[in-house]
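J.: Sharing entry_20.cif, mmCIF, C-alpha atoms:
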data_run
#
loop_
_atom_site.group_PDB
_atom_site.id
_atom_site.type_symbol
_atom_site.label_atom_id
_atom_site.label_comp_id
_atom_site.auth_asym_id
_atom_site.auth_seq_id
_atom_site.Cartn_x
_atom_site.Cartn_y
_atom_site.Cartn_z
ATOM 1 C CA MET A 1 143.748 74.259 7.741
ATOM 2 C CA THR A 2 144.577 70.847 6.327
ATOM 3 C CA GLY A 3 147.072 68.100 7.023
ATOM 4 C CA GLY A 4 147.232 66.643 3.533
ATOM 5 C CA SER A 5 146.962 62.926 2.789
ATOM 6 C CA GLN A 6 149.062 61.416 5.586
ATOM 7 C CA PRO A 7 147.225 58.364 6.959
ATOM 8 C CA MET A 8 146.031 58.230 10.550
ATOM 9 C CA LEU A 9 144.593 55.374 12.575
ATOM 10 C CA VAL A 10 141.671 55.681 14.974
ATOM 11 C CA ILE A 11 140.863 52.659 17.156
ATOM 12 C CA GLY A 12 137.523 52.393 18.938
ATOM 13 C CA GLU A 13 133.785 52.058 18.955
ATOM 14 C CA ALA A 14 131.222 52.848 16.286
ATOM 15 C CA LEU A 15 127.546 52.640 17.201
ATOM 16 C CA VAL A 16 124.130 54.124 16.527
ATOM 17 C CA ASP A 17 123.031 57.116 18.602
ATOM 18 C CA VAL A 18 119.288 57.069 19.256
ATOM 19 C CA LEU A 19 118.403 60.709 19.973
ATOM 20 C CA VAL A 20 115.451 61.369 22.282
ATOM 21 C CA PRO A 21 114.610 65.107 22.511
ATOM 22 C CA PRO A 22 112.321 66.563 25.195
ATOM 23 C CA THR A 23 109.383 66.000 22.829
ATOM 24 C CA GLY A 24 110.064 62.257 22.904
ATOM 25 C CA ALA A 25 110.310 61.858 19.105
ATOM 26 C CA ARG A 26 113.164 59.456 18.366
ATOM 27 C CA SER A 27 115.693 59.539 15.563
ATOM 28 C CA SER A 28 118.859 57.543 14.992
ATOM 29 C CA ARG A 29 122.265 58.646 13.718
ATOM 30 C CA PRO A 30 125.674 56.979 13.453
ATOM 31 C CA GLY A 31 127.955 57.792 16.388
ATOM 32 C CA GLY A 32 130.511 56.454 18.838
ATOM 33 C CA SER A 33 133.461 58.486 20.063
ATOM 34 C CA ALA A 34 136.116 56.905 17.843
ATOM 35 C CA ALA A 35 133.875 56.929 14.764
ATOM 36 C CA ASN A 36 133.035 60.593 15.384
ATOM 37 C CA VAL A 37 136.712 61.555 15.666
ATOM 38 C CA ALA A 38 137.583 59.593 12.524
ATOM 39 C CA LEU A 39 134.773 61.266 10.584
ATOM 40 C CA GLY A 40 135.752 64.678 11.932
ATOM 41 C CA LEU A 41 139.364 64.215 10.844
ATOM 42 C CA SER A 42 138.341 62.992 7.405
ATOM 43 C CA ARG A 43 136.043 65.968 6.879
ATOM 44 C CA LEU A 44 138.967 68.214 7.801
ATOM 45 C CA GLY A 45 141.020 66.764 4.966
ATOM 46 C CA HIS A 46 142.942 63.898 6.579
ATOM 47 C CA ALA A 47 143.180 60.300 5.400
ATOM 48 C CA VAL A 48 141.822 58.092 8.205
ATOM 49 C CA ARG A 49 141.429 54.379 8.866
ATOM 50 C CA LEU A 50 139.055 53.259 11.639
ATOM 51 C CA ALA A 51 139.557 49.924 13.419
ATOM 52 C CA THR A 52 136.212 49.138 15.051
ATOM 53 C CA ARG A 53 133.397 46.606 15.505
ATOM 54 C CA ILE A 54 129.978 46.906 13.849
ATOM 55 C CA GLY A 55 127.357 44.364 12.861
ATOM 56 C CA ASP A 56 126.295 43.290 9.397
ATOM 57 C CA ASP A 57 122.779 44.567 10.100
ATOM 58 C CA ALA A 58 120.697 47.627 9.218
ATOM 59 C CA PRO A 59 122.293 49.880 11.890
ATOM 60 C CA GLY A 60 125.738 48.638 10.875
ATOM 61 C CA ARG A 61 125.059 49.400 7.224
ATOM 62 C CA GLN A 62 123.885 52.878 8.242
ATOM 63 C CA ILE A 63 127.199 53.440 10.033
ATOM 64 C CA ARG A 64 129.260 52.082 7.142
ATOM 65 C CA GLU A 65 127.517 54.275 4.582
ATOM 66 C CA HIS A 66 127.902 57.315 6.847
ATOM 67 C CA LEU A 67 131.626 56.747 7.380
ATOM 68 C CA GLU A 68 132.419 55.783 3.799
ATOM 69 C CA HIS A 69 130.506 58.794 2.479
ATOM 70 C CA GLY A 70 132.627 60.898 4.845
ATOM 71 C CA GLY A 71 135.859 59.415 3.472
ATOM 72 C CA VAL A 72 136.727 57.104 6.391
ATOM 73 C CA GLU A 73 138.263 53.725 5.540
ATOM 74 C CA LEU A 74 137.161 50.811 7.728
ATOM 75 C CA ALA A 75 139.914 48.418 8.766
ATOM 76 C CA LYS A 76 139.419 44.940 7.337
ATOM 77 C CA GLY A 77 137.410 42.730 9.697
ATOM 78 C CA SER A 78 135.587 45.599 11.439
ATOM 79 C CA VAL A 79 132.199 44.187 10.303
ATOM 80 C CA THR A 80 131.010 41.178 12.329
ATOM 81 C CA GLY A 81 127.953 38.950 12.465
ATOM 82 C CA ALA A 82 126.967 40.269 15.911
ATOM 83 C CA PRO A 83 124.441 43.092 16.424
ATOM 84 C CA THR A 84 125.608 46.696 16.137
ATOM 85 C CA SER A 85 125.909 48.537 19.437
ATOM 86 C CA ARG A 86 123.750 51.549 20.247
ATOM 87 C CA ALA A 87 123.543 54.469 22.651
ATOM 88 C CA VAL A 88 120.354 56.271 23.641
ATOM 89 C CA ALA A 89 121.083 59.992 24.038
ATOM 90 C CA ARG A 90 118.370 61.785 26.020
ATOM 91 C CA LEU A 91 118.476 65.489 25.253
ATOM 92 C CA ALA A 92 117.585 68.192 27.771
ATOM 93 C CA ALA A 93 116.010 71.527 26.849
ATOM 94 C CA ASP A 94 119.477 73.173 26.789
ATOM 95 C CA GLY A 95 120.799 70.602 24.293
ATOM 96 C CA SER A 96 122.917 68.649 26.794
ATOM 97 C CA ALA A 97 122.764 64.856 26.612
ATOM 98 C CA THR A 98 122.766 61.909 28.992
ATOM 99 C CA TYR A 99 123.423 58.409 27.674
ATOM 100 C CA GLU A 100 122.193 54.846 28.085
ATOM 101 C CA PHE A 101 124.096 52.049 26.330
ATOM 102 C CA ASP A 102 123.403 48.652 24.793
ATOM 103 C CA LEU A 103 126.743 47.599 23.413
ATOM 104 C CA THR A 104 129.559 45.126 23.207
ATOM 105 C CA TRP A 105 133.225 45.916 22.649
ATOM 106 C CA ASN A 106 134.949 42.719 21.530
ATOM 107 C CA PRO A 107 136.659 43.456 18.218
ATOM 108 C CA ASP A 108 138.461 40.687 16.391
ATOM 109 C CA PRO A 109 142.122 40.858 17.493
ATOM 110 C CA ALA A 110 143.098 40.668 13.831
ATOM 111 C CA VAL A 111 141.282 43.962 13.211
ATOM 112 C CA VAL A 112 143.384 45.844 15.753
ATOM 113 C CA ASP A 113 146.627 44.039 14.836
ATOM 114 C CA GLY A 114 146.079 44.319 11.085
ATOM 115 C CA ALA A 115 144.998 47.960 11.142
ATOM 116 C CA TYR A 116 148.569 49.129 11.476
ATOM 117 C CA GLY A 117 150.146 46.914 8.809
ATOM 118 C CA SER A 118 150.827 50.212 7.065
ATOM 119 C CA THR A 119 152.394 52.369 9.770
ATOM 120 C CA PRO A 120 150.128 55.342 10.565
ATOM 121 C CA VAL A 121 151.500 58.826 11.168
ATOM 122 C CA HIS A 122 149.284 59.329 14.207
ATOM 123 C CA VAL A 123 147.059 57.099 16.369
ATOM 124 C CA HIS A 124 144.010 58.181 18.352
ATOM 125 C CA THR A 125 141.948 56.131 20.798
ATOM 126 C CA GLY A 126 139.948 56.423 24.005
ATOM 127 C CA SER A 127 136.462 56.241 25.485
ATOM 128 C CA LEU A 128 134.839 52.789 25.555
ATOM 129 C CA ALA A 129 137.610 51.216 23.468
ATOM 130 C CA THR A 130 140.144 51.677 26.279
ATOM 131 C CA ALA A 131 137.723 51.115 29.169
ATOM 132 C CA LEU A 132 135.346 48.287 28.242
ATOM 133 C CA GLY A 133 136.390 44.634 28.229
ATOM 134 C CA PRO A 134 137.249 42.388 26.650
ATOM 135 C CA GLY A 135 138.478 44.615 23.806
ATOM 136 C CA ASN A 136 140.174 47.260 25.918
ATOM 137 C CA SER A 137 143.257 45.110 26.564
ATOM 138 C CA LEU A 138 143.783 44.731 22.805
ATOM 139 C CA VAL A 139 143.600 48.480 22.300
ATOM 140 C CA VAL A 140 145.993 49.339 25.115
ATOM 141 C CA THR A 141 148.498 46.778 23.822
ATOM 142 C CA ALA A 142 148.211 48.249 20.324
ATOM 143 C CA ALA A 143 148.776 51.751 21.706
ATOM 144 C CA GLU A 144 151.917 50.586 23.503
ATOM 145 C CA ARG A 145 153.291 49.067 20.295
ATOM 146 C CA LEU A 146 152.331 51.908 17.991
ATOM 147 C CA ARG A 147 153.800 54.558 20.250
ATOM 148 C CA ALA A 148 157.225 53.531 18.975
ATOM 149 C CA VAL A 149 156.393 54.552 15.392
ATOM 150 C CA ALA A 150 153.625 57.166 15.667
ATOM 151 C CA THR A 151 152.440 59.960 17.900
ATOM 152 C CA LEU A 152 149.484 59.075 20.129
ATOM 153 C CA SER A 153 146.414 60.908 21.434
ATOM 154 C CA TYR A 154 143.812 59.859 23.991
ATOM 155 C CA ASP A 155 140.400 61.065 25.144
ATOM 156 C CA PRO A 156 139.019 59.162 28.165
ATOM 157 C CA ASN A 157 135.465 60.352 27.321
ATOM 158 C CA LEU A 158 134.150 58.359 30.269
ATOM 159 C CA ARG A 159 130.710 56.713 30.318
ATOM 160 C CA PRO A 160 130.010 56.022 34.029
ATOM 161 C CA ALA A 161 126.920 53.930 33.258
ATOM 162 C CA LEU A 162 129.228 51.283 31.773
ATOM 163 C CA LEU A 163 132.087 51.538 34.235
ATOM 164 C CA SER A 164 132.895 50.390 37.765
ATOM 165 C CA GLU A 165 133.847 52.704 40.625
ATOM 166 C CA PRO A 166 136.175 55.646 39.867
ATOM 167 C CA GLU A 167 139.007 54.267 41.977
ATOM 168 C CA LEU A 168 138.966 51.083 39.891
ATOM 169 C CA GLU A 169 138.983 52.992 36.593
ATOM 170 C CA ARG A 170 141.756 55.467 37.448
ATOM 171 C CA PRO A 171 144.751 53.137 36.876
ATOM 172 C CA GLY A 172 143.641 52.282 33.334
ATOM 173 C CA VAL A 173 142.916 55.899 32.460
ATOM 174 C CA GLU A 174 146.188 57.155 33.856
ATOM 175 C CA ARG A 175 148.148 54.395 32.132
ATOM 176 C CA MET A 176 146.818 55.694 28.800
ATOM 177 C CA VAL A 177 147.495 59.289 29.833
ATOM 178 C CA ALA A 178 151.143 58.439 30.518
ATOM 179 C CA LEU A 179 151.503 56.747 27.106
ATOM 180 C CA SER A 180 150.028 59.641 25.143
ATOM 181 C CA ASP A 181 151.470 62.768 23.571
ATOM 182 C CA VAL A 182 148.164 64.662 23.611
ATOM 183 C CA VAL A 183 145.233 64.131 25.999
ATOM 184 C CA LYS A 184 141.834 65.808 25.858
ATOM 185 C CA ALA A 185 139.366 65.401 28.739
ATOM 186 C CA SER A 186 136.190 67.122 29.849
ATOM 187 C CA ALA A 187 135.628 68.612 33.276
ATOM 188 C CA GLU A 188 132.846 66.028 33.699
ATOM 189 C CA ASP A 189 135.340 63.213 33.037
ATOM 190 C CA LEU A 190 137.734 64.411 35.707
ATOM 191 C CA ALA A 191 135.044 65.312 38.249
ATOM 192 C CA TRP A 192 133.774 61.726 38.035
ATOM 193 C CA LEU A 193 137.229 60.170 38.056
ATOM 194 C CA HIS A 194 138.431 62.260 41.036
ATOM 195 C CA PRO A 195 135.370 63.279 43.075
ATOM 196 C CA GLY A 196 135.786 66.477 45.050
ATOM 197 C CA VAL A 197 139.018 67.518 43.310
ATOM 198 C CA ASP A 198 139.210 70.543 41.003
ATOM 199 C CA PRO A 199 139.534 69.135 37.431
ATOM 200 C CA HIS A 200 142.126 71.828 36.671
ATOM 201 C CA LEU A 201 144.430 70.304 39.282
ATOM 202 C CA ILE A 202 144.073 66.841 37.765
ATOM 203 C CA ALA A 203 144.770 68.092 34.223
ATOM 204 C CA GLU A 204 147.778 70.044 35.472
ATOM 205 C CA ARG A 205 149.126 66.932 37.199
ATOM 206 C CA TRP A 206 148.557 64.797 34.090
ATOM 207 C CA ALA A 207 150.700 67.216 32.084
ATOM 208 C CA LEU A 208 153.619 66.219 34.315
ATOM 209 C CA THR A 209 153.201 62.462 33.872
ATOM 210 C CA GLY A 210 153.947 61.944 30.161
ATOM 211 C CA PRO A 211 151.837 63.970 27.713
ATOM 212 C CA SER A 212 153.248 67.107 26.155
ATOM 213 C CA LEU A 213 149.762 68.625 26.139
ATOM 214 C CA VAL A 214 146.604 68.101 28.197
ATOM 215 C CA VAL A 215 143.481 69.991 27.148
ATOM 216 C CA LEU A 216 140.580 70.373 29.579
ATOM 217 C CA THR A 217 137.230 71.250 27.993
ATOM 218 C CA LEU A 218 134.807 73.163 30.215
ATOM 219 C CA GLY A 219 131.640 73.326 28.128
ATOM 220 C CA GLY A 220 130.205 76.822 28.218
ATOM 221 C CA GLU A 221 133.237 78.078 30.131
ATOM 222 C CA GLY A 222 135.744 77.434 27.353
ATOM 223 C CA THR A 223 138.948 75.400 27.397
ATOM 224 C CA THR A 224 142.205 75.334 29.339
ATOM 225 C CA ALA A 225 145.383 73.768 27.978
ATOM 226 C CA PHE A 226 148.174 72.563 30.245
ATOM 227 C CA TRP A 227 151.757 71.703 29.457
ATOM 228 C CA ARG A 228 154.722 70.947 31.666
ATOM 229 C CA HIS A 229 155.667 74.580 32.186
ATOM 230 C CA GLY A 230 152.474 76.556 31.687
ATOM 231 C CA SER A 231 148.790 76.822 30.850
ATOM 232 C CA TYR A 232 146.476 78.791 28.587
ATOM 233 C CA ARG A 233 142.762 79.532 28.862
ATOM 234 C CA LEU A 234 140.652 79.876 25.723
ATOM 235 C CA PRO A 235 137.287 81.601 26.310
ATOM 236 C CA PRO A 236 134.098 79.938 25.053
ATOM 237 C CA THR A 237 132.961 80.327 21.457
ATOM 238 C CA PRO A 238 129.454 81.867 21.346
ATOM 239 C CA VAL A 239 127.021 79.484 19.686
ATOM 240 C CA ASP A 240 123.286 78.751 19.455
ATOM 241 C CA VAL A 241 123.242 75.164 20.716
ATOM 242 C CA VAL A 242 120.953 72.596 19.091
ATOM 243 C CA ASP A 243 122.563 69.739 21.032
ATOM 244 C CA THR A 244 126.005 68.806 22.327
ATOM 245 C CA VAL A 245 126.118 65.256 20.929
ATOM 246 C CA GLY A 246 129.545 64.689 19.414
ATOM 247 C CA ALA A 247 130.879 68.129 20.381
ATOM 248 C CA GLY A 248 133.789 66.743 22.412
ATOM 249 C CA ASP A 249 134.743 64.375 19.599
ATOM 250 C CA ALA A 250 134.577 67.253 17.113
ATOM 251 C CA PHE A 251 136.865 69.283 19.372
ATOM 252 C CA MET A 252 139.288 66.351 19.493
ATOM 253 C CA ALA A 253 139.318 66.081 15.695
ATOM 254 C CA GLY A 254 139.856 69.824 15.355
ATOM 255 C CA LEU A 255 142.678 69.825 17.895
ATOM 256 C CA LEU A 256 144.469 66.952 16.173
ATOM 257 C CA GLY A 257 143.935 68.573 12.787
ATOM 258 C CA GLY A 258 145.360 71.850 14.062
ATOM 259 C CA LEU A 259 148.434 70.197 15.594
ATOM 260 C CA LEU A 260 149.037 68.065 12.497
ATOM 261 C CA HIS A 261 148.836 71.181 10.338
ATOM 262 C CA THR A 262 151.551 72.878 12.371
ATOM 263 C CA GLY A 263 153.824 69.812 12.355
ATOM 264 C CA LEU A 264 153.531 68.993 16.064
ATOM 265 C CA LEU A 265 151.924 65.593 15.467
ATOM 266 C CA GLY A 266 152.358 62.942 12.820
ATOM 267 C CA VAL A 267 155.414 61.200 11.423
ATOM 268 C CA GLY A 268 156.546 59.864 8.063
ATOM 269 C CA PRO A 269 155.229 56.315 7.497
ATOM 270 C CA ALA A 270 158.548 55.106 6.065
ATOM 271 C CA ASP A 271 160.689 56.555 8.849
ATOM 272 C CA THR A 272 160.440 54.713 12.163
ATOM 273 C CA THR A 273 162.748 57.236 13.841
ATOM 274 C CA ALA A 274 160.426 60.120 12.971
ATOM 275 C CA ALA A 275 158.067 59.372 15.867
ATOM 276 C CA ALA A 276 160.787 60.313 18.319
ATOM 277 C CA ARG A 277 161.601 63.481 16.366
ATOM 278 C CA SER A 278 157.956 64.534 16.202
ATOM 279 C CA ARG A 279 157.555 63.812 19.895
ATOM 280 C CA ARG A 280 160.601 65.937 20.633
ATOM 281 C CA ALA A 281 159.182 68.750 18.486
ATOM 282 C CA LEU A 282 155.940 68.739 20.459
ATOM 283 C CA ARG A 283 157.829 68.608 23.747
ATOM 284 C CA GLY A 284 160.082 71.399 22.571
ATOM 285 C CA ALA A 285 157.117 73.584 21.641
ATOM 286 C CA THR A 286 155.892 73.326 25.221
ATOM 287 C CA ALA A 287 159.267 73.789 26.887
ATOM 288 C CA SER A 288 158.569 77.171 28.478
ATOM 289 C CA ALA A 289 155.798 78.983 30.304
ATOM 290 C CA ARG A 290 155.021 81.062 27.180
ATOM 291 C CA LEU A 291 152.082 80.032 25.003
ATOM 292 C CA PRO A 292 153.477 77.843 22.208
ATOM 293 C CA GLU A 293 153.079 79.673 18.912
ATOM 294 C CA ALA A 294 151.189 76.790 17.298
ATOM 295 C CA LEU A 295 148.923 76.012 20.231
ATOM 296 C CA GLY A 296 146.654 79.058 20.184
ATOM 297 C CA PRO A 297 145.557 78.572 16.549
ATOM 298 C CA ALA A 298 145.090 74.817 17.086
ATOM 299 C CA LEU A 299 142.864 75.385 20.128
ATOM 300 C CA THR A 300 140.876 78.114 18.376
ATOM 301 C CA PHE A 301 140.387 75.853 15.374
ATOM 302 C CA ALA A 302 139.214 72.994 17.620
ATOM 303 C CA ALA A 303 136.743 75.295 19.377
ATOM 304 C CA ARG A 304 135.311 76.448 16.035
ATOM 305 C CA VAL A 305 134.873 72.833 14.900
ATOM 306 C CA ALA A 306 133.084 71.909 18.156
ATOM 307 C CA ALA A 307 130.919 75.047 18.123
ATOM 308 C CA LEU A 308 129.662 74.393 14.609
ATOM 309 C CA THR A 309 128.877 70.783 15.549
ATOM 310 C CA CYS A 310 126.695 72.092 18.407
ATOM 311 C CA THR A 311 124.519 73.960 15.884
ATOM 312 C CA ARG A 312 123.517 70.632 14.272
ATOM 313 C CA GLN A 313 121.542 67.667 15.503
ATOM 314 C CA GLY A 314 123.642 64.665 16.446
ATOM 315 C CA ALA A 315 127.335 64.026 15.816
ATOM 316 C CA ASP A 316 127.707 65.870 12.516
ATOM 317 C CA PRO A 317 131.179 67.499 12.403
ATOM 318 C CA PRO A 318 131.912 70.198 9.817
ATOM 319 C CA THR A 319 134.016 70.095 6.691
ATOM 320 C CA LEU A 320 136.718 72.622 5.896
ATOM 321 C CA ARG A 321 134.252 74.283 3.508
ATOM 322 C CA ASP A 322 131.693 74.627 6.339
ATOM 323 C CA LEU A 323 134.328 76.403 8.414
ATOM 324 C CA GLY A 324 135.019 78.900 5.662
#
What do you get writing this file as structure tokens?

T.:
Amino acid sequence: MTGGSQPMLVIGEALVDVLVPPTGARSSRPGGSAANVALGLSRLGHAVRLATRIGDDAPGRQIREHLEHGGVELAKGSVTGAPTSRAVARLAADGSATYEFDLTWNPDPAVVDGAYGSTPVHVHTGSLATALGPGNSLVVTAAERLRAVATLSYDPNLRPALLSEPELERPGVERMVALSDVVKASAEDLAWLHPGVDPHLIAERWALTGPSLVVLTLGGEGTTAFWRHGSYRLPPTPVDVVDTVGAGDAFMAGLLGGLLHTGLLGVGPADTTAAARSRRALRGATASARLPEALGPALTFAARVAALTCTRQGADPPTLRDLG
């Protein structure tokens, strides 16, 4: 499954993940939700530009080499003189991770503005880039502008340790949900954002507020997709988990790759009216209670991408060759 050479834009954070397993032995790997999605898309055969903020230091050079080796183009101005951000991922015996952060999200406005000088066919953002000031306002403004010429996806990928109270975060999250064509969120995201409410109910409601598709990931319980007129549950993919770092980002990359392959996302860069046509095609595919023909394969593909990532240490998404 491949989407050819059409360019996409990912806006958001790149950082170093410091992995701390139960043994206590530390290792560091490039990470960050946006960087992981960009790398995942590139490894699946898509041309990707990443607008981000990293330092001109040893961790920053590690990230740059990792992304460039994976085929990701960095938007001009993404490298700054400030230190590179980092996240400490503490791994439990079952491979799950909890995070502590030491980061700043204040990209140069010219990076975000200049990244779409060549109109992308699709734009993805989320996580810290849309939640953490002062850079979040730049990203949301860019998403509002780009929505006129490209399809848009969003993953809240919430990090409570860096956020305020849920009731203060909800308006920003739901503003991005309403702007987007495709939204992916984890059950953990929605349980934190709406305490005491079944995440399925929140995802179902989101599907009525703007997006054509909302996908709720449930970890070991699989995935449920919601659209305006229906829903579909995909059972879990059996896998021997090494850790879950980057699994959600890998799923996001796989989902976008699957939808791009079937023509439900992405527009022609020279045709500013194509965004509306592509958006109508996605809306049309989800216009009934029946499972859209293209959705099942896209979800299955995304699950395979995420499952293979879980068999590796750190955020290390697969290539098309890895997937067979």

J.: Hey, which of A:Thr311, A:Ser42, A:Ser137, A:Thr125 ends up closest to Gly172 of chain A? Count all atoms listed in the file.

T.: A:Ser137

J.: To one decimal in Å, tell me the separation between atom CA of Trp105 of chain A and atom CA of Pro211 of chain A.

T.: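 One can read the atom CA of Trp105 of chain A to atom CA of Pro211 of chain A distance as 26.4 Å.
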
J.: With all atoms listed in the file as the basis for distance, which of A:Gly254, A:Arg53, A:Gly263, A:Thr104 is at the shortest distance from Ala307 of chain A?

T.: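 With all atoms listed in the file as the atom set, the closest residue is A:Gly254.
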
J.: Determine the nearest neighbour of Leu179 of chain A from the options A:Val140, A:Ser33, A:Pro199, A:Thr217, counting only C-alpha atoms.

T.: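 Once distances to Leu179 of chain A are computed over only C-alpha atoms, the minimum belongs to A:Val140.
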
J.: Under the rule that all atoms listed in the file are counted, which of A:Asn157, A:Thr151, A:Thr209, A:Ser180 is the nearest residue to Ala281 of chain A?

T.: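 Residue with the minimum atom-to-atom distance to Ala281 of chain A: A:Thr151.
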
J.: To test your reading of the syntax: which residues would the PyMOL selection byres ((chain A and resi 76-87) around 10) return for the file shown? Reply as a compact mmCIF listing (two decimals) with C-alpha atoms, keeping the file's coordinate frame.

T.:
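Saved the output as part-v8.txt:
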# COMPACT_ATOMS: atom_id res chain seq x y z
CA GLU A 13 133.78 52.06 18.95
CA ALA A 14 131.22 52.85 16.29
CA LEU A 15 127.55 52.64 17.20
CA VAL A 16 124.13 54.12 16.53
CA ASP A 17 123.03 57.12 18.60
CA VAL A 18 119.29 57.07 19.26
CA LEU A 19 118.40 60.71 19.97
CA SER A 28 118.86 57.54 14.99
CA ARG A 29 122.26 58.65 13.72
CA PRO A 30 125.67 56.98 13.45
CA GLY A 31 127.96 57.79 16.39
CA GLY A 32 130.51 56.45 18.84
CA ARG A 49 141.43 54.38 8.87
CA LEU A 50 139.06 53.26 11.64
CA ALA A 51 139.56 49.92 13.42
CA THR A 52 136.21 49.14 15.05
CA ARG A 53 133.40 46.61 15.50
CA ILE A 54 129.98 46.91 13.85
CA GLY A 55 127.36 44.36 12.86
CA ASP A 56 126.30 43.29 9.40
CA ASP A 57 122.78 44.57 10.10
CA ALA A 58 120.70 47.63 9.22
CA PRO A 59 122.29 49.88 11.89
CA GLY A 60 125.74 48.64 10.88
CA ARG A 61 125.06 49.40 7.22
CA ILE A 63 127.20 53.44 10.03
CA ARG A 64 129.26 52.08 7.14
CA GLU A 73 138.26 53.72 5.54
CA LEU A 74 137.16 50.81 7.73
CA ALA A 75 139.91 48.42 8.77
CA VAL A 88 120.35 56.27 23.64
CA ALA A 89 121.08 59.99 24.04
CA ARG A 90 118.37 61.78 26.02
CA THR A 98 122.77 61.91 28.99
CA TYR A 99 123.42 58.41 27.67
CA GLU A 100 122.19 54.85 28.08
CA PHE A 101 124.10 52.05 26.33
CA ASP A 102 123.40 48.65 24.79
CA LEU A 103 126.74 47.60 23.41
CA THR A 104 129.56 45.13 23.21
CA TRP A 105 133.22 45.92 22.65
CA PRO A 107 136.66 43.46 18.22
CA ASP A 108 138.46 40.69 16.39
CA PRO A 109 142.12 40.86 17.49
CA ALA A 110 143.10 40.67 13.83
CA VAL A 111 141.28 43.96 13.21
CA VAL A 112 143.38 45.84 15.75
CA GLY A 114 146.08 44.32 11.08
CA ALA A 115 145.00 47.96 11.14

J.: With all atoms listed in the file as the atoms that count, which of A:Leu282, A:Leu218, A:Ala187, A:Leu260 lies nearest to Pro7 of chain A?

T.: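 Result for the nearest residue to Pro7 of chain A: A:Leu260.
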
J.: Determine the nearest neighbour of Ala38 of chain A from the options A:His69, A:His124, A:Arg159, A:Arg26, counting all atoms listed in the file.

T.: A:His124

J.: Step by step, work through what the PyMOL selection byres ((chain A and resi 163) around 12) selects in the shown file, and finish by giving those residues as a PyMOL selection string.

T.: chain A and resi 101+127-128+130-133+156-162+164-170+172-173+192-193

J.: When you look at segment 301-304 of chain A with a cut-off of 10 Å (counting only C-alpha atoms), what residues show up, excluding the ones that are within fewer than 3 positions of it in the same chain? I need them as number ranges by chain.

T.: A: 1, 217, 222-223, 234-239, 247-259, 295-298, 307-310, 318, 323

J.: Could you list the residues chosen by the PyMOL selection byres ((chain A and resi 181) around 10) in this structure as an mmCIF file with C-alpha atoms, in the frame of the given file?

T.:
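Written output follows (selection.cif):
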data_model
loop_
_atom_site.group_PDB
_atom_site.id
_atom_site.type_symbol
_atom_site.label_atom_id
_atom_site.label_comp_id
_atom_site.auth_asym_id
_atom_site.auth_seq_id
_atom_site.Cartn_x
_atom_site.Cartn_y
_atom_site.Cartn_z
ATOM 1 C CA ARG A 147 153.800 54.558 20.250
ATOM 2 C CA ALA A 150 153.625 57.166 15.667
ATOM 3 C CA THR A 151 152.440 59.960 17.900
ATOM 4 C CA LEU A 152 149.484 59.075 20.129
ATOM 5 C CA SER A 153 146.414 60.908 21.434
ATOM 6 C CA TYR A 154 143.812 59.859 23.991
ATOM 7 C CA MET A 176 146.818 55.694 28.800
ATOM 8 C CA VAL A 177 147.495 59.289 29.833
ATOM 9 C CA ALA A 178 151.143 58.439 30.518
ATOM 10 C CA LEU A 179 151.503 56.747 27.106
ATOM 11 C CA SER A 180 150.028 59.641 25.143
ATOM 12 C CA VAL A 182 148.164 64.662 23.611
ATOM 13 C CA VAL A 183 145.233 64.131 25.999
ATOM 14 C CA ALA A 207 150.700 67.216 32.084
ATOM 15 C CA GLY A 210 153.947 61.944 30.161
ATOM 16 C CA PRO A 211 151.837 63.970 27.713
ATOM 17 C CA SER A 212 153.248 67.107 26.155
ATOM 18 C CA LEU A 213 149.762 68.625 26.139
ATOM 19 C CA VAL A 214 146.604 68.101 28.197
ATOM 20 C CA LEU A 264 153.531 68.993 16.064
ATOM 21 C CA LEU A 265 151.924 65.593 15.467
ATOM 22 C CA SER A 278 157.956 64.534 16.202
ATOM 23 C CA ARG A 279 157.555 63.812 19.895
ATOM 24 C CA LEU A 282 155.940 68.739 20.459
ATOM 25 C CA ARG A 283 157.829 68.608 23.747
#

J.: Using atom CA of Met8 of chain A and atom CA of Ala97 of chain A as the two end points, give the distance in Å to one decimal.

T.: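 Atom CA of Met8 of chain A sits 29.0 Å away from atom CA of Ala97 of chain A.
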
J.: Determine, counting only C-alpha atoms, which protein, DNA and RNA residues have an atom within 12 Å of an atom of His229 of chain A; residues of the same chain fewer than 5 positions away are not included. Present the result as a PDB file with C-alpha atoms, in the coordinates of the input.

T.:
ATOM      1  CA  GLU A 204     147.778  70.044  35.472  1.00  0.00           C
ATOM      2  CA  ARG A 205     149.126  66.932  37.199  1.00  0.00           C
ATOM      3  CA  ALA A 207     150.700  67.216  32.084  1.00  0.00           C
ATOM      4  CA  LEU A 208     153.619  66.219  34.315  1.00  0.00           C
ATOM      5  CA  SER A 212     153.248  67.107  26.155  1.00  0.00           C
ATOM      6  CA  LEU A 213     149.762  68.625  26.139  1.00  0.00           C
ATOM      7  CA  VAL A 214     146.604  68.101  28.197  1.00  0.00           C
ATOM      8  CA  ARG A 283     157.829  68.608  23.747  1.00  0.00           C
ATOM      9  CA  GLY A 284     160.082  71.399  22.571  1.00  0.00           C
ATOM     10  CA  ALA A 285     157.117  73.584  21.641  1.00  0.00           C
ATOM     11  CA  THR A 286     155.892  73.326  25.221  1.00  0.00           C
ATOM     12  CA  ALA A 287     159.267  73.789  26.887  1.00  0.00           C
ATOM     13  CA  SER A 288     158.569  77.171  28.478  1.00  0.00           C
ATOM     14  CA  ALA A 289     155.798  78.983  30.304  1.00  0.00           C
ATOM     15  CA  ARG A 290     155.021  81.062  27.180  1.00  0.00           C
ATOM     16  CA  LEU A 291     152.082  80.032  25.003  1.00  0.00           C
ATOM     17  CA  PRO A 292     153.477  77.843  22.208  1.00  0.00           C
TER      18      PRO A 292
END
